[in-house]
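Next comes structure-v4.pdb, a file with PDB, C-alpha atoms and all ligand atoms.
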```
ATOM      1  CA  MET L   1     -12.968 -15.044   8.817  1.00  0.00           C
ATOM      2  CA  SER L   2     -13.636 -15.652   5.131  1.00  0.00           C
ATOM      3  CA  ILE L   3     -12.434 -12.859   2.881  1.00  0.00           C
ATOM      4  CA  ALA L   4     -13.090 -12.320  -0.817  1.00  0.00           C
ATOM      5  CA  ILE L   5     -10.891 -10.134  -3.004  1.00  0.00           C
ATOM      6  CA  HIS L   6     -12.232  -8.309  -6.024  1.00  0.00           C
ATOM      7  CA  GLU L   7     -10.918  -5.771  -8.513  1.00  0.00           C
ATOM      8  CA  LEU L   8     -12.265  -2.278  -7.862  1.00  0.00           C
ATOM      9  CA  THR L   9     -15.321  -1.303  -9.837  1.00  0.00           C
ATOM     10  CA  ASP L  10     -16.984   2.072 -10.360  1.00  0.00           C
ATOM     11  CA  SER L  11     -19.206   1.388  -7.359  1.00  0.00           C
ATOM     12  CA  ASP L  12     -16.112   1.276  -5.096  1.00  0.00           C
ATOM     13  CA  ARG L  13     -14.776   4.658  -6.220  1.00  0.00           C
ATOM     14  CA  ASP L  14     -16.360   6.866  -3.529  1.00  0.00           C
ATOM     15  CA  TRP L  15     -15.163   4.448  -0.859  1.00  0.00           C
ATOM     16  CA  VAL L  16     -11.603   4.416  -2.282  1.00  0.00           C
ATOM     17  CA  GLU L  17     -11.611   8.200  -2.212  1.00  0.00           C
ATOM     18  CA  SER L  18     -12.733   8.159   1.417  1.00  0.00           C
ATOM     19  CA  VAL L  19      -9.916   5.722   2.284  1.00  0.00           C
ATOM     20  CA  PHE L  20      -7.353   8.001   0.636  1.00  0.00           C
ATOM     21  CA  ARG L  21      -8.710  11.010   2.504  1.00  0.00           C
ATOM     22  CA  LYS L  22      -8.917   9.283   5.881  1.00  0.00           C
ATOM     23  CA  HIS L  23      -5.733   7.187   5.810  1.00  0.00           C
ATOM     24  CA  TRP L  24      -3.460   8.975   3.344  1.00  0.00           C
ATOM     25  CA  GLY L  25      -4.357  12.587   4.092  1.00  0.00           C
ATOM     26  CA  GLY L  26      -5.949  13.536   0.774  1.00  0.00           C
ATOM     27  CA  GLU L  27      -6.989  12.552  -2.728  1.00  0.00           C
ATOM     28  CA  PHE L  28      -3.465  11.659  -3.808  1.00  0.00           C
ATOM     29  CA  ILE L  29      -0.419   9.781  -2.557  1.00  0.00           C
ATOM     30  CA  VAL L  30       3.132  10.869  -3.339  1.00  0.00           C
ATOM     31  CA  SER L  31       5.874   8.327  -4.042  1.00  0.00           C
ATOM     32  CA  ARG L  32       9.279   9.015  -5.609  1.00  0.00           C
ATOM     33  CA  GLY L  33       8.213  12.595  -6.304  1.00  0.00           C
ATOM     34  CA  LYS L  34       5.121  11.576  -8.264  1.00  0.00           C
ATOM     35  CA  ALA L  35       1.555  12.229  -7.169  1.00  0.00           C
ATOM     36  CA  TYR L  36      -0.868   9.354  -7.718  1.00  0.00           C
ATOM     37  CA  HIS L  37      -4.396  10.664  -7.723  1.00  0.00           C
ATOM     38  CA  VAL L  38      -7.122   8.357  -6.513  1.00  0.00           C
ATOM     39  CA  LYS L  39      -8.663   8.495 -10.001  1.00  0.00           C
ATOM     40  CA  ASP L  40      -5.445   7.282 -11.662  1.00  0.00           C
ATOM     41  CA  VAL L  41      -4.929   4.072  -9.716  1.00  0.00           C
ATOM     42  CA  LYS L  42      -6.463   0.642 -10.060  1.00  0.00           C
ATOM     43  CA  GLY L  43      -6.938  -1.590  -7.083  1.00  0.00           C
ATOM     44  CA  VAL L  44      -8.279  -4.588  -5.260  1.00  0.00           C
ATOM     45  CA  CYS L  45     -10.667  -4.611  -2.355  1.00  0.00           C
ATOM     46  CA  ALA L  46     -11.089  -7.158   0.452  1.00  0.00           C
ATOM     47  CA  VAL L  47     -14.650  -7.888   1.529  1.00  0.00           C
ATOM     48  CA  ASN L  48     -15.775  -9.970   4.529  1.00  0.00           C
ATOM     49  CA  THR L  49     -18.748 -12.327   4.722  1.00  0.00           C
ATOM     50  CA  LYS L  50     -21.000  -9.461   5.879  1.00  0.00           C
ATOM     51  CA  GLY L  51     -20.163  -7.586   2.687  1.00  0.00           C
ATOM     52  CA  GLU L  52     -18.047  -5.013   4.539  1.00  0.00           C
ATOM     53  CA  ARG L  53     -14.948  -3.668   2.811  1.00  0.00           C
ATOM     54  CA  VAL L  54     -12.039  -4.544   5.104  1.00  0.00           C
ATOM     55  CA  GLY L  55      -8.976  -3.754   3.007  1.00  0.00           C
ATOM     56  CA  LEU L  56      -7.688  -1.946  -0.038  1.00  0.00           C
ATOM     57  CA  ALA L  57      -4.582  -2.136  -2.209  1.00  0.00           C
ATOM     58  CA  THR L  58      -4.088   0.272  -5.088  1.00  0.00           C
ATOM     59  CA  TYR L  59      -1.521  -0.020  -7.841  1.00  0.00           C
ATOM     60  CA  TYR L  60      -0.218   1.661 -10.960  1.00  0.00           C
ATOM     61  CA  VAL L  61       1.238  -0.206 -13.937  1.00  0.00           C
ATOM     62  CA  LYS L  62       3.862   1.471 -16.091  1.00  0.00           C
ATOM     63  CA  ARG L  63       5.544  -0.519 -18.847  1.00  0.00           C
ATOM     64  CA  ASN L  64       6.612  -3.812 -17.214  1.00  0.00           C
ATOM     65  CA  GLU L  65       6.543  -2.536 -13.628  1.00  0.00           C
ATOM     66  CA  CYS L  66       3.735  -2.380 -11.123  1.00  0.00           C
ATOM     67  CA  GLU L  67       3.903  -0.009  -8.188  1.00  0.00           C
ATOM     68  CA  MET L  68       1.726  -0.778  -5.201  1.00  0.00           C
ATOM     69  CA  VAL L  69       0.631   2.730  -4.336  1.00  0.00           C
ATOM     70  CA  SER L  70      -1.287   2.010  -1.138  1.00  0.00           C
ATOM     71  CA  LEU L  71      -2.143  -0.892   1.136  1.00  0.00           C
ATOM     72  CA  ASN L  72      -4.575  -0.860   4.045  1.00  0.00           C
ATOM     73  CA  ALA L  73      -6.012  -3.644   6.143  1.00  0.00           C
ATOM     74  CA  PHE L  74      -8.726  -2.437   8.491  1.00  0.00           C
ATOM     75  CA  THR L  75      -8.572  -5.551  10.640  1.00  0.00           C
ATOM     76  CA  LYS L  76      -4.957  -6.253  11.521  1.00  0.00           C
ATOM     77  CA  ALA L  77      -3.187  -9.629  11.662  1.00  0.00           C
ATOM     78  CA  ALA L  78      -6.027 -11.549  10.030  1.00  0.00           C
ATOM     79  CA  GLY L  79      -4.253 -12.180   6.727  1.00  0.00           C
ATOM     80  CA  ILE L  80      -6.008  -9.387   4.809  1.00  0.00           C
ATOM     81  CA  GLY L  81      -2.821  -7.479   3.918  1.00  0.00           C
ATOM     82  CA  SER L  82      -1.181 -10.692   2.677  1.00  0.00           C
ATOM     83  CA  MET L  83      -4.210 -11.568   0.538  1.00  0.00           C
ATOM     84  CA  LEU L  84      -4.198  -8.121  -1.028  1.00  0.00           C
ATOM     85  CA  VAL L  85      -0.467  -8.354  -1.825  1.00  0.00           C
ATOM     86  CA  GLU L  86      -1.066 -11.770  -3.442  1.00  0.00           C
ATOM     87  CA  ALA L  87      -3.909 -10.335  -5.512  1.00  0.00           C
ATOM     88  CA  VAL L  88      -1.770  -7.420  -6.726  1.00  0.00           C
ATOM     89  CA  LYS L  89       1.049  -9.870  -7.562  1.00  0.00           C
ATOM     90  CA  ARG L  90      -1.336 -11.952  -9.678  1.00  0.00           C
ATOM     91  CA  THR L  91      -2.699  -8.898 -11.476  1.00  0.00           C
ATOM     92  CA  ALA L  92       0.809  -7.568 -12.128  1.00  0.00           C
ATOM     93  CA  ARG L  93       1.921 -10.907 -13.585  1.00  0.00           C
ATOM     94  CA  VAL L  94      -1.130 -11.062 -15.831  1.00  0.00           C
ATOM     95  CA  ALA L  95      -0.335  -7.502 -16.974  1.00  0.00           C
ATOM     96  CA  GLY L  96       3.129  -8.745 -18.013  1.00  0.00           C
ATOM     97  CA  CYS L  97       5.063  -6.994 -15.241  1.00  0.00           C
ATOM     98  CA  SER L  98       8.417  -8.353 -14.123  1.00  0.00           C
ATOM     99  CA  ARG L  99       8.723  -6.125 -11.056  1.00  0.00           C
ATOM    100  CA  LEU L 100       6.346  -5.277  -8.225  1.00  0.00           C
ATOM    101  CA  TRP L 101       7.610  -2.404  -6.115  1.00  0.00           C
ATOM    102  CA  LEU L 102       6.502   0.103  -3.527  1.00  0.00           C
ATOM    103  CA  THR L 103       7.784   2.757  -1.214  1.00  0.00           C
ATOM    104  CA  THR L 104       7.112   3.201   2.446  1.00  0.00           C
ATOM    105  CA  THR L 105       8.431   5.687   4.957  1.00  0.00           C
ATOM    106  CA  ASN L 106      11.213   5.303   7.494  1.00  0.00           C
ATOM    107  CA  ASP L 107       8.774   5.423  10.430  1.00  0.00           C
ATOM    108  CA  ASN L 108       6.547   2.589   9.182  1.00  0.00           C
ATOM    109  CA  LEU L 109       8.176  -0.204  11.139  1.00  0.00           C
ATOM    110  CA  ASP L 110       5.149  -2.492  10.773  1.00  0.00           C
ATOM    111  CA  ALA L 111       5.254  -2.183   6.986  1.00  0.00           C
ATOM    112  CA  ILE L 112       9.040  -2.714   6.900  1.00  0.00           C
ATOM    113  CA  ARG L 113       8.555  -6.017   8.725  1.00  0.00           C
ATOM    114  CA  PHE L 114       5.431  -6.965   6.797  1.00  0.00           C
ATOM    115  CA  TYR L 115       6.901  -6.473   3.313  1.00  0.00           C
ATOM    116  CA  GLN L 116      10.098  -8.375   4.063  1.00  0.00           C
ATOM    117  CA  ARG L 117       8.064 -11.248   5.514  1.00  0.00           C
ATOM    118  CA  ARG L 118       6.012 -11.278   2.288  1.00  0.00           C
ATOM    119  CA  GLY L 119       9.125 -11.668   0.100  1.00  0.00           C
ATOM    120  CA  PHE L 120       9.956  -8.060  -0.781  1.00  0.00           C
ATOM    121  CA  GLN L 121      13.562  -6.869  -0.696  1.00  0.00           C
ATOM    122  CA  LEU L 122      14.739  -3.429   0.376  1.00  0.00           C
ATOM    123  CA  VAL L 123      16.490  -2.201  -2.776  1.00  0.00           C
ATOM    124  CA  ALA L 124      16.942   1.518  -2.091  1.00  0.00           C
ATOM    125  CA  VAL L 125      16.778   4.131   0.608  1.00  0.00           C
ATOM    126  CA  HIS L 126      15.978   7.629  -0.611  1.00  0.00           C
ATOM    127  CA  PRO L 127      17.180   9.981   2.127  1.00  0.00           C
ATOM    128  CA  ASN L 128      15.071  13.104   2.691  1.00  0.00           C
ATOM    129  CA  ALA L 129      12.660  12.119  -0.095  1.00  0.00           C
ATOM    130  CA  ILE L 130       9.719  13.213   2.045  1.00  0.00           C
ATOM    131  CA  GLU L 131      10.883  16.832   1.713  1.00  0.00           C
ATOM    132  CA  VAL L 132      10.131  16.523  -2.003  1.00  0.00           C
ATOM    133  CA  SER L 133       6.787  14.840  -1.251  1.00  0.00           C
ATOM    134  CA  ARG L 134       5.862  17.693   1.114  1.00  0.00           C
ATOM    135  CA  LYS L 135       6.304  20.218  -1.692  1.00  0.00           C
ATOM    136  CA  LEU L 136       3.473  18.416  -3.519  1.00  0.00           C
ATOM    137  CA  LYS L 137       1.538  17.599  -0.357  1.00  0.00           C
ATOM    138  CA  PRO L 138       2.249  20.029   2.493  1.00  0.00           C
ATOM    139  CA  SER L 139      -0.105  18.122   4.809  1.00  0.00           C
ATOM    140  CA  ILE L 140       2.476  15.314   5.269  1.00  0.00           C
ATOM    141  CA  PRO L 141       3.436  15.593   8.944  1.00  0.00           C
ATOM    142  CA  GLU L 142       6.975  16.184  10.171  1.00  0.00           C
ATOM    143  CA  VAL L 143       6.766  13.392  12.721  1.00  0.00           C
ATOM    144  CA  GLY L 144       5.496   9.882  12.041  1.00  0.00           C
ATOM    145  CA  ASN L 145       4.836   6.692  13.996  1.00  0.00           C
ATOM    146  CA  PHE L 146       6.583   6.320  17.374  1.00  0.00           C
ATOM    147  CA  GLY L 147       7.669   9.982  17.195  1.00  0.00           C
ATOM    148  CA  ILE L 148      10.152   9.136  14.416  1.00  0.00           C
ATOM    149  CA  PRO L 149      10.978  12.071  12.082  1.00  0.00           C
ATOM    150  CA  LEU L 150       9.162  11.366   8.799  1.00  0.00           C
ATOM    151  CA  ARG L 151      12.025  11.822   6.380  1.00  0.00           C
ATOM    152  CA  ASP L 152      13.074   9.008   4.040  1.00  0.00           C
ATOM    153  CA  GLU L 153      11.477   6.722   1.481  1.00  0.00           C
ATOM    154  CA  LEU L 154      12.344   3.041   1.522  1.00  0.00           C
ATOM    155  CA  GLU L 155      11.898   1.231  -1.776  1.00  0.00           C
ATOM    156  CA  PHE L 156      10.981  -2.449  -1.721  1.00  0.00           C
ATOM    157  CA  GLU L 157      10.669  -4.723  -4.708  1.00  0.00           C
ATOM    158  CA  MET L 158       9.758  -8.234  -5.692  1.00  0.00           C
ATOM    159  CA  ARG L 159      10.749  -9.832  -8.975  1.00  0.00           C
ATOM    160  CA  LEU L 160       7.765 -11.538 -10.564  1.00  0.00           C
TER     161      LEU L 160
HETATM  162  C1  LIG L 201       0.840  -3.222   6.892  1.00  0.00           C
HETATM  163  C2  LIG L 201      -0.551  -3.821   6.839  1.00  0.00           C
HETATM  164  C3  LIG L 201      -1.166  -3.603   5.473  1.00  0.00           C
HETATM  165  C4  LIG L 201      -0.479  -5.317   7.149  1.00  0.00           C
HETATM  166  O1  LIG L 201      -1.780  -5.868   6.977  1.00  0.00           O
HETATM  167  P1  LIG L 201      -2.326  -7.114   7.834  1.00  0.00           P
HETATM  168  O2  LIG L 201      -3.646  -7.497   7.282  1.00  0.00           O
HETATM  169  O3  LIG L 201      -2.250  -6.827   9.273  1.00  0.00           O
HETATM  170  O4  LIG L 201      -1.271  -8.202   7.425  1.00  0.00           O
HETATM  171  P2  LIG L 201      -1.405  -9.789   7.625  1.00  0.00           P
HETATM  172  O5  LIG L 201      -2.500 -10.090   8.597  1.00  0.00           O
HETATM  173  O6  LIG L 201      -1.485 -10.422   6.311  1.00  0.00           O
HETATM  174  O7  LIG L 201       0.004 -10.111   8.244  1.00  0.00           O
HETATM  175  C5  LIG L 201       0.385  -9.479   9.470  1.00  0.00           C
HETATM  176  C6  LIG L 201       0.803 -10.517  10.475  1.00  0.00           C
HETATM  177  O8  LIG L 201      -0.323 -11.190  10.983  1.00  0.00           O
HETATM  178  C7  LIG L 201      -0.101 -12.598  10.944  1.00  0.00           C
HETATM  179  N1  LIG L 201      -1.379 -13.269  10.693  1.00  0.00           N
HETATM  180  C8  LIG L 201      -2.011 -13.354   9.509  1.00  0.00           C
HETATM  181  N2  LIG L 201      -3.169 -14.046   9.664  1.00  0.00           N
HETATM  182  C9  LIG L 201      -3.250 -14.371  10.963  1.00  0.00           C
HETATM  183  C10 LIG L 201      -4.210 -15.043  11.741  1.00  0.00           C
HETATM  184  N3  LIG L 201      -5.331 -15.541  11.211  1.00  0.00           N
HETATM  185  N4  LIG L 201      -3.961 -15.165  13.072  1.00  0.00           N
HETATM  186  C11 LIG L 201      -2.845 -14.668  13.618  1.00  0.00           C
HETATM  187  N5  LIG L 201      -1.892 -13.999  12.925  1.00  0.00           N
HETATM  188  C12 LIG L 201      -2.103 -13.866  11.627  1.00  0.00           C
HETATM  189  C13 LIG L 201       0.843 -12.790   9.810  1.00  0.00           C
HETATM  190  O9  LIG L 201       1.597 -13.970   9.958  1.00  0.00           O
HETATM  191  C14 LIG L 201       1.680 -11.558   9.852  1.00  0.00           C
HETATM  192  O10 LIG L 201       2.819 -11.686  10.644  1.00  0.00           O
HETATM  193  P3  LIG L 201       4.268 -11.581   9.971  1.00  0.00           P
HETATM  194  O11 LIG L 201       4.261 -10.339   9.127  1.00  0.00           O
HETATM  195  O12 LIG L 201       5.189 -11.532  11.107  1.00  0.00           O
HETATM  196  O13 LIG L 201       4.369 -12.804   9.115  1.00  0.00           O
HETATM  197  C15 LIG L 201      -1.482  -3.187   7.927  1.00  0.00           C
HETATM  198  O14 LIG L 201      -0.817  -3.222   9.144  1.00  0.00           O
HETATM  199  C16 LIG L 201      -1.918  -1.760   7.640  1.00  0.00           C
HETATM  200  O15 LIG L 201      -2.986  -1.503   7.045  1.00  0.00           O
HETATM  201  N6  LIG L 201      -1.125  -0.769   8.108  1.00  0.00           N
HETATM  202  C17 LIG L 201      -1.490   0.646   7.969  1.00  0.00           C
HETATM  203  C18 LIG L 201      -1.273   1.152   6.561  1.00  0.00           C
HETATM  204  C19 LIG L 201       0.147   0.929   6.100  1.00  0.00           C
HETATM  205  O16 LIG L 201       1.100   1.263   6.780  1.00  0.00           O
HETATM  206  N7  LIG L 201       0.280   0.361   4.901  1.00  0.00           N
HETATM  207  C20 LIG L 201       1.563   0.073   4.274  1.00  0.00           C
HETATM  208  C21 LIG L 201       2.177   1.336   3.875  1.00  0.00           C
HETATM  209  S1  LIG L 201       3.063   1.290   2.393  1.00  0.00           S
END
```
Let me see the structure of the file written as structure tokens.
Amino acid sequence: MSIAIHELTDSDRDWVESVFRKHWGGEFIVSRGKAYHVKDVKGVCAVNTKGERVGLATYYVKRNECEMVSLNAFTKAAGIGSMLVEAVKRTARVAGCSRLWLTTTNDNLDAIRFYQRRGFQLVAVHPNAIEVSRKLKPSIPEVGNFGIPLRDELEFEMRL
């Protein structure tokens, strides 16, 4: 499968909003107590040879750090997630960032494996951080993947 990656343009915006709503439960994502609205993030999109959008990574640059706010691959284990991470890395470097970081939740075992395999290091565990997130976004469920209580944020980083 041949995949192309492009920076999001205005014509992708409605689709990005639909991805946030469908996969992240609303128009914003909360990480480290901060809400990232779909309108505030930049991103990269993966497109297959049929022109279908098959993946999305969004990010937010602040000073010399880039936070990957969301990552979705709609076909799993085909290299799409890895390509999107590489694209965000490149963009972050070009933007002069020295750190690429992200948070995921304690139930996201796939992501915990995936990020470590892609060179990220677990640099902090924020116990009960999801309680704070729920104050901003009450729709965050109590129970996550595999019936694991959705409770903590895990912070991963990569030095660029
Ligand atoms: C986490 C996530 C983004 C990974 O995306 P992905 O596209 O499946 O990732 P990749 O295909 O690049 O890599 C996954 C595995 O498939 C393998 N793979 C990649 N291309 C492959 C291919 N052509 N054939 C077989 N295996 C392949 C990789 O080696 C990798 O295994 P590894 O991690 O043990 O090295 C995806 O599972 C997802 O969207 N999850 C839901 C949303 C989510 O949780 N996002 C992260 C939250 S912060």
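What separates atom CA of Arg159 of chain L from atom C19 of ligand LIG 201 (chain L) is a distance of 21.3 Å.
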request  = Could you give me, as a PyMOL selection string, every polymer residue with an atom at most 10 Å away from an atom of ligand LIG 201 (chain L), counting all atoms listed in the file?
outcome  = chain L and resi 1+23-24+31+54-57+68-86+102-105+107-118+145+154-156
Preceding selection exported with C-alpha atoms as a PDB file, keeping the file's coordinate frame:
```
ATOM      1  CA  MET L   1     -12.968 -15.044   8.817  1.00  0.00           C
ATOM      2  CA  HIS L  23      -5.733   7.187   5.810  1.00  0.00           C
ATOM      3  CA  TRP L  24      -3.460   8.975   3.344  1.00  0.00           C
ATOM      4  CA  SER L  31       5.874   8.327  -4.042  1.00  0.00           C
ATOM      5  CA  VAL L  54     -12.039  -4.544   5.104  1.00  0.00           C
ATOM      6  CA  GLY L  55      -8.976  -3.754   3.007  1.00  0.00           C
ATOM      7  CA  LEU L  56      -7.688  -1.946  -0.038  1.00  0.00           C
ATOM      8  CA  ALA L  57      -4.582  -2.136  -2.209  1.00  0.00           C
ATOM      9  CA  MET L  68       1.726  -0.778  -5.201  1.00  0.00           C
ATOM     10  CA  VAL L  69       0.631   2.730  -4.336  1.00  0.00           C
ATOM     11  CA  SER L  70      -1.287   2.010  -1.138  1.00  0.00           C
ATOM     12  CA  LEU L  71      -2.143  -0.892   1.136  1.00  0.00           C
ATOM     13  CA  ASN L  72      -4.575  -0.860   4.045  1.00  0.00           C
ATOM     14  CA  ALA L  73      -6.012  -3.644   6.143  1.00  0.00           C
ATOM     15  CA  PHE L  74      -8.726  -2.437   8.491  1.00  0.00           C
ATOM     16  CA  THR L  75      -8.572  -5.551  10.640  1.00  0.00           C
ATOM     17  CA  LYS L  76      -4.957  -6.253  11.521  1.00  0.00           C
ATOM     18  CA  ALA L  77      -3.187  -9.629  11.662  1.00  0.00           C
ATOM     19  CA  ALA L  78      -6.027 -11.549  10.030  1.00  0.00           C
ATOM     20  CA  GLY L  79      -4.253 -12.180   6.727  1.00  0.00           C
ATOM     21  CA  ILE L  80      -6.008  -9.387   4.809  1.00  0.00           C
ATOM     22  CA  GLY L  81      -2.821  -7.479   3.918  1.00  0.00           C
ATOM     23  CA  SER L  82      -1.181 -10.692   2.677  1.00  0.00           C
ATOM     24  CA  MET L  83      -4.210 -11.568   0.538  1.00  0.00           C
ATOM     25  CA  LEU L  84      -4.198  -8.121  -1.028  1.00  0.00           C
ATOM     26  CA  VAL L  85      -0.467  -8.354  -1.825  1.00  0.00           C
ATOM     27  CA  GLU L  86      -1.066 -11.770  -3.442  1.00  0.00           C
ATOM     28  CA  LEU L 102       6.502   0.103  -3.527  1.00  0.00           C
ATOM     29  CA  THR L 103       7.784   2.757  -1.214  1.00  0.00           C
ATOM     30  CA  THR L 104       7.112   3.201   2.446  1.00  0.00           C
ATOM     31  CA  THR L 105       8.431   5.687   4.957  1.00  0.00           C
ATOM     32  CA  ASP L 107       8.774   5.423  10.430  1.00  0.00           C
ATOM     33  CA  ASN L 108       6.547   2.589   9.182  1.00  0.00           C
ATOM     34  CA  LEU L 109       8.176  -0.204  11.139  1.00  0.00           C
ATOM     35  CA  ASP L 110       5.149  -2.492  10.773  1.00  0.00           C
ATOM     36  CA  ALA L 111       5.254  -2.183   6.986  1.00  0.00           C
ATOM     37  CA  ILE L 112       9.040  -2.714   6.900  1.00  0.00           C
ATOM     38  CA  ARG L 113       8.555  -6.017   8.725  1.00  0.00           C
ATOM     39  CA  PHE L 114       5.431  -6.965   6.797  1.00  0.00           C
ATOM     40  CA  TYR L 115       6.901  -6.473   3.313  1.00  0.00           C
ATOM     41  CA  GLN L 116      10.098  -8.375   4.063  1.00  0.00           C
ATOM     42  CA  ARG L 117       8.064 -11.248   5.514  1.00  0.00           C
ATOM     43  CA  ARG L 118       6.012 -11.278   2.288  1.00  0.00           C
ATOM     44  CA  ASN L 145       4.836   6.692  13.996  1.00  0.00           C
ATOM     45  CA  LEU L 154      12.344   3.041   1.522  1.00  0.00           C
ATOM     46  CA  GLU L 155      11.898   1.231  -1.776  1.00  0.00           C
ATOM     47  CA  PHE L 156      10.981  -2.449  -1.721  1.00  0.00           C
TER      48      PHE L 156
END
```
query = Which is closer to Val38 of chain L than all the others in L:Arg99, L:Arg21, L:Arg93, L:Arg134, using all atoms listed in the file?
reply =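 Using all atoms listed in the file, Val38 of chain L sits closest to L:Arg21.
Distance annotation: of L:Glu65, L:Gly33, L:Tyr60, L:Ser139, the residue with the minimal separation from His126 of chain L is L:Gly33; atom set is only C-alpha atoms.
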query = When distances are computed from all atoms listed in the file, which of L:Val123, L:Ala35, L:Ala4, L:Val16 shows the smallest separation from Lys137 of chain L?
reply =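 Among the listed residues, L:Ala35 lies closest to Lys137 of chain L.
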ask   = So which one's closest to Glu157 of chain L, L:Lys89, L:Lys39, L:Arg13, L:His6? Using all atoms listed in the file, please.
value =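 Closest candidate: L:Lys89.
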ask   = By how many Å are atom CA of Glu131 of chain L and atom CA of Ser18 of chain L apart?
value =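 The value is 25.2 Å.
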Nearest to Trp101 of chain L, chosen from L:Gln121, L:Ser133, L:Asn128, L:Thr49, with only C-alpha atoms counted in the distances =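 Under the stated criterion, the closest residue is L:Gln121.
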